[in-house]
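> Compact mmCIF, C-alpha atoms, saved as query-v3.txt, coming up:
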```txt
# COMPACT_ATOMS: atom_id res chain seq x y z
CA MET A 208 85.00 113.66 -50.25
CA GLN A 209 86.77 110.95 -48.26
CA GLU A 210 88.82 112.01 -45.26
CA PRO A 211 91.50 114.21 -46.85
CA HIS A 212 94.12 113.64 -44.09
CA PHE A 213 95.84 116.98 -44.67
CA LEU A 214 95.97 116.60 -48.43
CA ALA A 215 98.10 119.41 -49.88
CA THR A 216 97.52 121.28 -53.12
CA GLY A 217 98.00 124.73 -54.64
CA ILE A 218 95.63 127.49 -55.63
CA GLY A 219 96.61 127.78 -59.29
CA SER A 220 98.90 130.57 -60.41
CA LEU A 221 102.70 130.46 -60.53
CA PRO A 222 105.20 133.20 -61.49
CA LEU A 223 106.80 131.22 -64.30
CA LEU A 224 106.79 131.76 -68.05
CA GLU A 225 106.73 128.14 -69.17
CA ALA A 226 104.53 125.23 -68.19
CA GLY A 227 107.36 122.70 -67.88
CA PRO A 228 109.10 124.23 -64.84
CA ALA A 229 105.71 124.99 -63.29
CA LEU A 230 104.65 121.35 -63.59
CA ASP A 231 107.95 120.21 -62.13
CA LEU A 232 107.28 122.35 -59.06
CA ILE A 233 103.68 121.17 -58.75
CA PHE A 234 104.33 117.45 -59.14
CA ARG A 235 107.30 117.61 -56.80
CA HIS A 236 105.42 119.29 -53.94
CA PHE A 237 101.81 118.21 -54.48
CA PRO A 238 102.12 114.65 -55.84
CA SER A 239 98.83 113.53 -54.31
CA ALA A 240 96.74 116.42 -55.63
CA PRO A 241 98.52 118.28 -58.45
CA HIS A 242 96.85 121.25 -60.09
CA TRP A 243 97.23 122.71 -63.55
CA PRO A 244 99.36 125.88 -63.54
CA GLN A 245 98.08 129.32 -64.47
CA LEU A 246 100.88 131.48 -65.86
CA PRO A 247 99.71 135.13 -65.71
CA GLN A 248 103.19 136.50 -66.38
CA ALA A 249 103.45 134.61 -69.66
CA SER A 250 100.70 136.55 -71.44
CA PHE A 251 97.91 138.99 -70.64
CA ARG A 252 95.51 136.39 -72.03
CA GLU A 253 96.49 134.12 -69.14
CA ASN A 254 95.24 136.73 -66.71
CA PHE A 255 92.78 135.08 -64.32
CA VAL A 256 89.84 137.09 -65.69
CA TYR A 257 90.59 136.85 -69.41
CA GLN A 258 91.50 133.18 -69.19
CA PHE A 259 87.93 132.01 -68.76
CA LEU A 260 86.14 134.35 -71.18
CA THR A 261 87.09 132.57 -74.40
CA PRO A 262 83.56 131.52 -75.51
CA LEU A 263 82.24 135.07 -75.06
CA VAL A 264 85.25 136.56 -76.83
CA ARG A 265 85.00 134.06 -79.69
CA LEU A 266 81.41 135.11 -80.33
CA GLY A 267 82.29 138.80 -80.28
CA LEU A 268 80.22 139.44 -77.14
CA VAL A 269 83.23 140.49 -75.08
CA LYS A 270 86.27 142.49 -76.14
CA VAL A 271 89.63 141.98 -74.46
CA GLU A 272 92.46 144.50 -74.72
CA GLU A 273 95.76 144.41 -72.90
CA GLY A 274 95.83 146.88 -70.03
CA HIS A 275 92.05 147.27 -69.85
CA ASN A 276 89.23 145.45 -68.10
CA PRO A 277 87.36 143.15 -70.48
CA SER A 278 83.94 144.47 -71.43
CA TYR A 279 80.78 143.46 -73.22
CA VAL A 280 80.23 145.13 -76.58
CA PRO A 281 77.19 147.40 -77.11
CA ARG A 282 73.86 145.58 -77.19
CA ASP A 283 72.83 146.08 -80.77
CA GLU A 284 71.30 143.72 -83.35
CA VAL A 285 74.60 141.94 -83.91
CA PHE A 286 75.04 141.44 -80.16
CA TYR A 287 71.66 139.74 -79.77
CA ARG A 288 72.27 137.58 -82.82
CA GLN A 289 75.42 136.31 -81.14
CA VAL A 290 73.61 135.88 -77.83
CA LEU A 291 71.21 133.58 -79.63
CA ARG A 292 74.14 131.60 -80.97
CA PHE A 293 75.63 131.41 -77.48
CA TYR A 294 72.46 129.84 -76.11
CA GLU A 295 72.33 127.43 -79.04
CA GLU A 296 75.87 126.31 -78.20
CA TYR A 297 75.01 126.12 -74.50
CA LEU A 298 71.90 124.00 -75.02
CA GLN A 299 73.64 121.74 -77.49
CA ALA A 300 76.51 121.20 -75.04
CA ARG A 301 74.04 120.40 -72.28
CA GLU A 302 72.13 117.94 -74.46
CA THR A 303 75.10 116.15 -76.04
CA GLY A 304 77.76 116.40 -73.34
CA ASN A 305 80.19 117.79 -75.91
CA LEU A 306 81.62 120.77 -74.03
CA GLU A 307 84.44 121.68 -76.40
CA PHE A 308 82.97 125.07 -77.33
CA PHE A 309 83.53 126.08 -73.69
CA ALA A 310 87.05 124.64 -73.42
CA LEU A 311 90.10 126.51 -72.23
CA THR A 312 92.32 127.36 -75.19
CA GLU A 313 96.03 126.79 -75.59
CA GLU A 314 96.52 130.53 -76.00
CA ALA A 315 94.79 131.37 -72.72
CA ALA A 316 95.74 128.34 -70.62
CA ARG A 317 98.84 126.58 -71.87
CA GLY A 318 99.24 125.11 -68.38
CA PHE A 319 96.07 123.07 -68.73
CA SER A 320 97.07 121.39 -71.97
CA SER A 321 100.58 120.75 -70.65
CA PHE A 322 99.08 119.25 -67.48
CA GLN A 323 97.01 116.85 -69.56
CA LYS A 324 100.02 115.84 -71.63
CA ALA A 325 102.08 115.21 -68.51
CA LEU A 326 99.35 113.06 -67.02
CA ALA A 327 98.87 111.16 -70.26
CA SER A 328 102.54 110.35 -70.71
CA ARG A 329 103.29 110.05 -67.00
CA GLU A 330 106.77 111.24 -67.84
CA ARG A 331 106.59 113.64 -64.91
CA PHE A 332 106.06 110.86 -62.40
CA THR A 333 109.09 109.68 -60.48
CA ARG A 334 109.77 105.94 -60.79
CA PRO A 335 112.14 103.87 -58.70
CA PRO A 336 114.86 101.89 -60.53
CA GLY A 337 113.51 98.83 -62.27
CA HIS A 338 110.00 100.12 -62.86
CA GLU A 339 108.82 100.12 -66.42
CA LYS A 340 107.96 103.41 -68.08
CA GLY A 341 104.29 104.10 -67.61
CA GLN A 342 104.06 102.63 -64.11
CA GLU A 343 102.82 105.38 -61.84
CA THR A 344 104.43 105.43 -58.40
CA LEU A 345 103.20 108.74 -57.03
CA PRO A 346 100.45 108.58 -54.40
CA LEU A 347 98.08 110.36 -56.77
CA ARG A 348 94.64 110.76 -55.17
CA TYR A 349 93.03 113.80 -56.80
CA LEU A 350 93.49 116.14 -59.73
CA LYS A 351 92.70 119.81 -59.28
CA GLY A 352 91.51 122.59 -61.55
CA GLN A 353 90.33 126.10 -60.90
CA ILE A 354 88.11 128.77 -62.37
CA ILE A 355 87.27 132.36 -61.60
CA GLY A 356 84.12 132.88 -59.55
CA PRO A 357 81.05 134.64 -60.95
CA VAL A 358 81.13 137.64 -58.60
CA THR A 359 84.83 138.31 -59.12
CA ALA A 360 84.45 137.88 -62.88
CA GLY A 361 81.27 139.94 -62.99
CA PHE A 362 82.97 142.89 -61.32
CA GLN A 363 85.98 142.72 -63.63
CA LEU A 364 83.95 142.16 -66.80
CA LEU A 365 82.16 145.44 -67.44
CA ASP A 366 79.21 146.39 -69.60
CA ASN A 367 79.80 148.84 -72.43
CA SER A 368 79.08 151.72 -70.03
CA ARG A 369 81.96 150.53 -67.78
CA ARG A 370 79.60 149.27 -65.07
CA ALA A 371 80.08 145.89 -63.39
CA SER A 372 78.23 143.36 -65.52
CA PHE A 373 77.26 141.27 -62.48
CA TYR A 374 74.54 143.82 -61.73
CA ASP A 375 72.90 143.18 -65.11
CA GLN A 376 70.87 139.95 -65.09
CA GLU A 377 71.14 139.39 -68.84
CA LEU A 378 74.92 139.81 -68.89
CA ARG A 379 75.39 137.92 -65.63
CA GLU A 380 73.56 134.89 -67.00
CA LEU A 381 75.78 134.81 -70.08
CA LEU A 382 78.86 134.89 -67.87
CA VAL A 383 77.64 132.28 -65.39
CA LYS A 384 76.54 129.84 -68.07
CA SER A 385 79.90 130.18 -69.78
CA LEU A 386 81.76 129.59 -66.50
CA GLU A 387 79.64 126.60 -65.50
CA LEU A 388 80.41 124.73 -68.72
CA ASP A 389 84.09 125.68 -68.58
CA ALA A 390 84.21 124.14 -65.09
CA ALA A 391 82.29 121.09 -66.31
CA TRP A 392 84.71 120.72 -69.25
CA GLN A 393 87.69 120.76 -66.89
CA VAL A 394 86.16 117.97 -64.81
CA GLN A 395 85.32 115.98 -67.92
CA ARG A 396 88.86 116.24 -69.26
CA LEU A 397 90.66 115.54 -65.98
CA ALA A 398 88.34 112.73 -64.89
CA ALA A 399 89.52 110.77 -67.93
CA PHE A 400 92.75 110.07 -66.03
CA GLY A 401 90.90 107.96 -63.49
CA HIS A 402 91.09 110.09 -60.35
CA PRO A 403 88.52 112.31 -58.60
CA VAL A 404 88.63 115.92 -59.72
CA ILE A 405 88.48 119.00 -57.50
CA ILE A 406 87.61 122.39 -58.99
CA PHE A 407 88.15 125.51 -56.88
CA VAL A 408 85.87 128.41 -57.79
CA ASP A 409 87.97 131.46 -56.94
CA ASP A 410 85.60 134.21 -55.86
CA SER A 411 87.53 136.49 -53.53
CA PHE A 412 85.44 139.51 -54.47
CA LEU A 413 82.78 138.13 -52.14
CA TYR A 414 84.38 140.31 -49.48
CA VAL A 415 82.29 143.25 -50.75
CA TYR A 416 78.97 141.57 -49.97
CA GLY A 417 77.08 143.56 -47.35
CA THR A 418 79.42 146.58 -47.44
CA ALA A 419 78.07 150.08 -47.85
CA ASN A 420 79.22 150.62 -51.42
CA PHE A 421 77.79 147.33 -52.71
CA LEU A 422 74.29 147.15 -51.24
CA ALA A 423 72.86 146.31 -54.68
CA LEU A 424 74.78 143.02 -54.58
CA THR A 425 72.16 140.55 -53.35
CA ARG A 426 72.57 137.24 -51.59
CA GLU A 427 70.21 135.57 -54.04
CA ASP A 428 72.21 136.66 -57.08
CA ILE A 429 75.44 135.45 -55.48
CA THR A 430 74.16 132.06 -54.31
CA THR A 431 72.25 131.34 -57.51
CA SER A 432 75.36 132.06 -59.59
CA LEU A 433 77.64 129.97 -57.40
CA GLU A 434 75.22 127.06 -57.23
CA ALA A 435 74.99 126.94 -61.02
CA ILE A 436 78.75 126.38 -61.20
CA PHE A 437 78.89 123.99 -58.23
CA GLY A 438 76.09 122.01 -59.83
CA ALA A 439 77.85 121.79 -63.19
CA ILE A 440 81.00 120.49 -61.48
CA ARG A 441 79.02 117.90 -59.54
CA GLU A 442 77.09 116.76 -62.63
CA GLN A 443 80.40 115.68 -64.18
CA GLY A 444 81.38 113.82 -61.01
CA GLY A 445 83.68 116.55 -59.68
CA LEU A 446 84.06 118.03 -56.22
CA PRO A 447 83.22 121.76 -56.05
CA GLY A 448 85.47 123.90 -53.87
CA ALA A 449 85.67 127.64 -53.33
CA HIS A 450 88.81 129.69 -52.76
CA ILE A 451 88.35 132.99 -50.92
CA CYS A 452 91.50 134.94 -50.04
CA SER A 453 89.63 137.58 -48.07
CA GLN A 454 87.02 137.72 -45.33
CA THR A 455 83.37 137.45 -46.20
CA ASP A 456 79.98 136.36 -44.93
CA TRP A 457 80.95 132.70 -44.70
CA SER A 458 77.32 131.59 -44.53
CA LEU A 459 77.15 132.27 -48.28
CA LEU A 460 79.33 129.21 -48.73
CA LEU A 461 78.68 127.12 -45.62
CA ASP A 462 74.96 127.06 -46.41
CA SER A 463 75.58 126.09 -50.04
CA SER A 464 76.23 122.73 -51.71
CA LEU A 465 79.97 123.43 -51.59
CA GLU A 466 82.20 120.51 -50.61
CA ILE A 467 85.57 122.20 -49.96
CA LEU A 468 85.98 125.64 -48.38
CA ASN A 469 89.46 127.10 -49.02
CA LEU A 470 90.11 130.28 -47.07
CA ASP A 471 93.11 132.49 -46.44
CA ALA A 472 93.33 131.35 -42.84
CA TYR A 473 96.72 132.99 -42.32
CA ASN A 474 95.21 136.48 -42.63
CA TYR A 475 91.48 136.05 -42.08
CA PHE A 476 90.93 133.09 -39.76
CA SER A 477 89.16 135.17 -37.10
CA SER A 478 86.41 136.05 -39.58
CA LEU A 479 85.35 132.37 -39.49
CA LEU A 480 84.74 132.25 -35.73
CA PRO A 481 81.20 133.75 -35.76
CA TYR A 482 80.13 130.94 -38.09
CA ALA A 483 81.16 128.04 -35.82
CA GLU A 484 77.70 126.45 -35.79
CA LYS A 485 77.39 126.57 -39.57
CA LEU A 486 80.96 125.30 -39.92
CA THR A 487 80.12 122.30 -37.73
CA ALA A 488 77.07 121.49 -39.85
CA PHE A 489 79.18 121.85 -43.02
CA LEU A 490 81.80 119.43 -41.71
CA GLN A 491 79.21 116.97 -40.42
CA ARG A 492 77.64 116.66 -43.84
CA GLY A 493 81.03 115.84 -45.36
CA GLY A 494 82.50 119.27 -46.05
CA VAL A 495 86.24 119.94 -45.93
CA VAL A 496 88.20 123.01 -44.85
CA ALA A 497 91.29 123.63 -46.99
CA TRP A 498 93.37 125.82 -44.71
CA GLY A 499 95.26 128.50 -46.65
CA ILE A 500 97.78 128.68 -43.87
CA VAL A 501 101.07 129.27 -45.71
CA PRO A 502 101.31 133.01 -46.44
CA THR A 503 101.76 134.05 -50.05
CA SER A 504 103.88 137.04 -49.12
CA PRO A 505 107.44 137.66 -47.91
CA ARG A 506 106.27 136.48 -44.49
CA ALA A 507 106.71 132.94 -45.81
CA LYS A 508 110.45 133.49 -45.36
CA GLU A 509 109.90 134.01 -41.63
CA GLU A 510 107.66 130.98 -41.10
CA ASN A 511 108.59 127.34 -40.69
CA VAL A 512 106.76 124.07 -40.12
CA ALA A 513 106.73 124.48 -36.35
CA SER A 514 105.33 128.00 -36.45
CA LEU A 515 102.63 127.09 -38.97
CA ARG A 516 101.73 123.93 -37.06
CA GLY A 517 101.30 126.04 -33.95
CA ARG A 518 99.10 128.44 -35.87
CA TYR A 519 96.92 125.60 -37.19
CA LEU A 520 96.53 124.03 -33.75
CA GLY A 521 95.67 127.45 -32.37
CA TYR A 522 92.90 127.73 -34.94
CA LEU A 523 91.55 124.38 -33.78
CA ASP A 524 91.65 125.54 -30.16
CA SER A 525 89.70 128.68 -31.02
CA LEU A 526 87.05 126.79 -32.98
CA GLU A 527 86.77 124.08 -30.32
CA ARG A 528 85.99 126.79 -27.77
CA GLN A 529 83.17 127.86 -30.09
CA GLY A 530 81.76 124.33 -30.10
CA VAL A 531 83.30 122.84 -33.25
CA PRO A 532 84.46 119.27 -32.49
CA ARG A 533 88.25 119.05 -32.69
CA GLU A 534 88.26 115.51 -34.10
CA LEU A 535 85.92 116.63 -36.84
CA LEU A 536 88.24 119.48 -37.80
CA LEU A 537 91.28 117.19 -37.82
CA SER A 538 89.56 114.64 -40.02
CA ARG A 539 88.27 117.19 -42.54
CA SER A 540 91.36 119.36 -43.19
CA MET A 541 93.43 120.07 -46.28
CA ILE A 542 96.50 122.35 -46.45
CA THR A 543 97.17 125.01 -49.13
CA PRO A 544 98.95 128.32 -49.62
CA SER A 545 96.80 131.29 -48.67
CA CYS A 546 96.45 132.40 -52.30
CA GLY A 547 98.02 132.01 -55.72
CA THR A 548 101.67 132.88 -56.26
CA GLY A 549 101.50 134.24 -59.80
CA LEU A 550 102.82 137.72 -59.03
CA LEU A 551 105.56 136.71 -56.57
CA PRO A 552 109.27 136.14 -57.24
CA PRO A 553 109.82 132.54 -58.39
CA GLU A 554 112.07 131.70 -55.45
CA LEU A 555 109.39 132.84 -53.00
CA ALA A 556 106.75 130.73 -54.78
CA GLN A 557 109.05 127.74 -54.43
CA ARG A 558 109.49 128.44 -50.71
CA ILE A 559 105.70 128.59 -50.29
CA TYR A 560 105.18 125.27 -52.06
CA GLU A 561 107.94 123.66 -50.00
CA LEU A 562 106.39 124.91 -46.75
CA THR A 563 102.93 123.72 -47.76
CA GLN A 564 104.19 120.24 -48.55
CA ALA A 565 106.29 120.04 -45.37
CA LEU A 566 103.46 121.23 -43.11
CA ALA A 567 101.03 118.72 -44.62
CA ALA A 568 103.53 115.89 -44.13
CA ASP A 569 104.14 116.97 -40.54
CA LEU A 570 100.43 116.98 -39.71
CA GLN A 571 99.88 113.64 -41.45
CA ALA A 572 102.59 112.12 -39.26
CA ARG A 573 101.28 113.69 -36.05
CA PHE A 574 97.66 112.74 -36.64
CA PRO A 575 97.82 109.39 -38.49
CA TRP A 576 94.41 108.38 -37.18
CA SER A 577 92.60 111.33 -38.81
```
Output the file's structure in the form of structure tokens.


Amino acid sequence: MQEPHFLATGIGSLPLLEAGPALDLIFRHFPSAPHWPQLPQASFRENFVYQFLTPLVRLGLVKVEEGHNPSYVPRDEVFYRQVLRFYEEYLQARETGNLEFFALTEEAARGFSSFQKALASRERFTRPPGHEKGQETLPLRYLKGQIIGPVTAGFQLLDNSRRASFYDQELRELLVKSLELDAAWQVQRLAAFGHPVIIFVDDSFLYVYGTANFLALTREDITTSLEAIFGAIREQGGLPGAHICSQTDWSLLLDSSLEILNLDAYNYFSSLLPYAEKLTAFLQRGGVVAWGIVPTSPRAKEENVASLRGRYLGYLDSLERQGVPRELLLSRSMITPSCGTGLLPPELAQRIYELTQALAADLQARFPWS
């Protein structure tokens, strides 16, 4: 990724019921890197877990019921017949490049289809007087999508005994292969608009790795699953990012092929300090830190650009003392909210987007050489 120069974008979810107002908010505040809106309050099928399970649900491998965790159906003869069909679809998609079987559906992701329509018509783009319709005037640099991460999904998607499916290699592979082609499909669709595509893999459940109750969760299973999705994004020409709104063993990501690390810096910055050496290596090979520095909580009402700028510069001071070059951090920084806003009051979500945009603009002006 080229020097991002404090590029601002959002995580994904918004607390709105219709895509139109959500897109208005996104294009207004993140004109250089808009994202498609997830609308979890519009329907339970737009829940972040259910949203990306469509291929498995369509084949009858997973059942989804409102108010319950999704789960795999019992592994009987019918199940394995449908597993065979899944792999036929997967291999065919890989061979032909036709990824439509793994596409997000209108029912589960109306924000994605509305995002495409807005980009295609460019009706959402502001034009100065005298410009012809269709002439884009926004400083559009990137388009952003998002997908649930394999660990988070694998602990929400249960087997038929109500156990986390991530622990089961057979079920985990079904899930990961479905997610990798969903991510690839998003890149394929968005890349058609002529701008680089970023996909954030949202895997906040990584915070359990290494804790006493999850010792069966292995590093190899995590990294293999993540790399499959990062690789699928990259194969389509996209930029793989990861959003983690918790603390974790950051080496899982800093040692990977990830290109953009998005962390909830507002709440968990200090957890990054022990990984200063790995962070430096990540940045030196072209990695970017997307600082989730605007809180997605009522605390956003108490913050302003000056307070958040001071917080960001304090982070740089702390990392510089640990040996991370300050200039490198400045040149490889993006700005985001700390998490999605899908469950917040709409007026608070708007405040968060306004703060994110304003902070990014402030830093761009203060560090024009970055």

> Between A:Arg396, A:Arg539, A:Arg558, A:His236, which residue has the minimum interatomic distance to A:Phe574, considering all atoms listed in the file?

A:Arg539

> What separation in Å, quoted to one decimal, exists between atom CA of A:Arg516 and atom CA of A:Leu551?

23.6 Å

> Compare A:Ala497, A:Ala249, A:Ala423, A:Ala472 by their minimum atom-to-atom distance to A:Asp375, counting only C-alpha atoms, and give me the closest one.

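The answer is A:Ala423, which sits nearest to A:Asp375.
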
> Nearest to A:Pro544 among A:Gly267, A:Gly217, A:Pro238, A:Gly227, with distances taken over all atoms listed in the file: which residue is it?

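The answer is A:Gly217, which sits nearest to A:Pro544.
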
> Could you work out how far atom CA of A:Thr543 lies from atom CA of A:Glu561, giving the answer in Å with one decimal?

10.9 Å

> Extract, using all atoms listed in the file, all DNA, RNA and protein residues at most 12 Å from stretch 270-273 of chain A, discarding same-chain residues fewer than 4 positions from it, and format them as a VMD selection string.

chain A and resid 250 to 254 256 to 266 277 to 281 286 315 363 to 367

> Give me the residues within 9 Å of A:Tyr416 as an mmCIF file with C-alpha atoms, keeping the file's coordinate frame, counting only C-alpha atoms and dropping any in the same chain fewer than 5 places off.


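Written out: result23.cif:
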```cif
data_model
loop_
_atom_site.group_PDB
_atom_site.id
_atom_site.type_symbol
_atom_site.label_atom_id
_atom_site.label_comp_id
_atom_site.auth_asym_id
_atom_site.auth_seq_id
_atom_site.Cartn_x
_atom_site.Cartn_y
_atom_site.Cartn_z
ATOM 1 C CA PHE A 421 77.790 147.330 -52.710
ATOM 2 C CA LEU A 422 74.290 147.150 -51.240
ATOM 3 C CA LEU A 424 74.780 143.020 -54.580
ATOM 4 C CA THR A 425 72.160 140.550 -53.350
ATOM 5 C CA ARG A 426 72.570 137.240 -51.590
ATOM 6 C CA ILE A 429 75.440 135.450 -55.480
ATOM 7 C CA THR A 455 83.370 137.450 -46.200
ATOM 8 C CA ASP A 456 79.980 136.360 -44.930
#
```

> Atom CA of A:Leu246 and atom CA of A:Gly499, how far apart in Å?

20.2 Å

> Could you name the residues that touch A:Phe407 at 8 Å or less, counting only C-alpha atoms, but leaving out those on the same chain fewer than 5 positions away, as a list in words?

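After dropping sequence-adjacent residues, the list is Ile218, Lys351, Gly352, Gln353, Ile354, Pro447, Gly448, Ala449 and His450 of chain A.
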
> Compare A:Ser477, A:Thr216, A:Gln443, A:Ser411 by their minimum atom-to-atom distance to A:Ala390, counting all atoms listed in the file, and give me the closest one.

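Smallest distance to A:Ala390 is found for A:Gln443.
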
> For each of A:Phe237, A:Phe362, A:Phe293, A:Trp243, take the minimum atom-to-atom distance to A:Ala316, counting all atoms listed in the file, then give the residue where this is smallest.

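With all atoms listed in the file as the atom set, the closest residue is A:Trp243.
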
> Neighbouring residues of stretch 548-550 of chain A were defined as those with any atom within 6 Å, considering all atoms listed in the file; residues of the same chain fewer than 2 positions away were excluded. Please report them as a PDB file with C-alpha atoms, in the frame of the given file.


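File around-v6.pdb, as written:
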```pdb
ATOM      1  CA  SER A 220      98.900 130.570 -60.410  1.00  0.00           C
ATOM      2  CA  LEU A 221     102.700 130.460 -60.530  1.00  0.00           C
ATOM      3  CA  PRO A 222     105.200 133.200 -61.490  1.00  0.00           C
ATOM      4  CA  ALA A 556     106.750 130.730 -54.780  1.00  0.00           C
TER       5      ALA A 556
END
```

> Find the residues near A:Ala229: any atom within 10 Å, counting all atoms listed in the file, skip ones fewer than 2 places away on the same chain, and give them as a PyMOL selection string.

chain A and resi 220-227+231-235+243-246+318+321-322+553+557

> With only C-alpha atoms as the basis for distance, which of A:Thr359, A:Ser458, A:Ser463, A:Gln393 is at the shortest distance from A:Val415?

A:Thr359
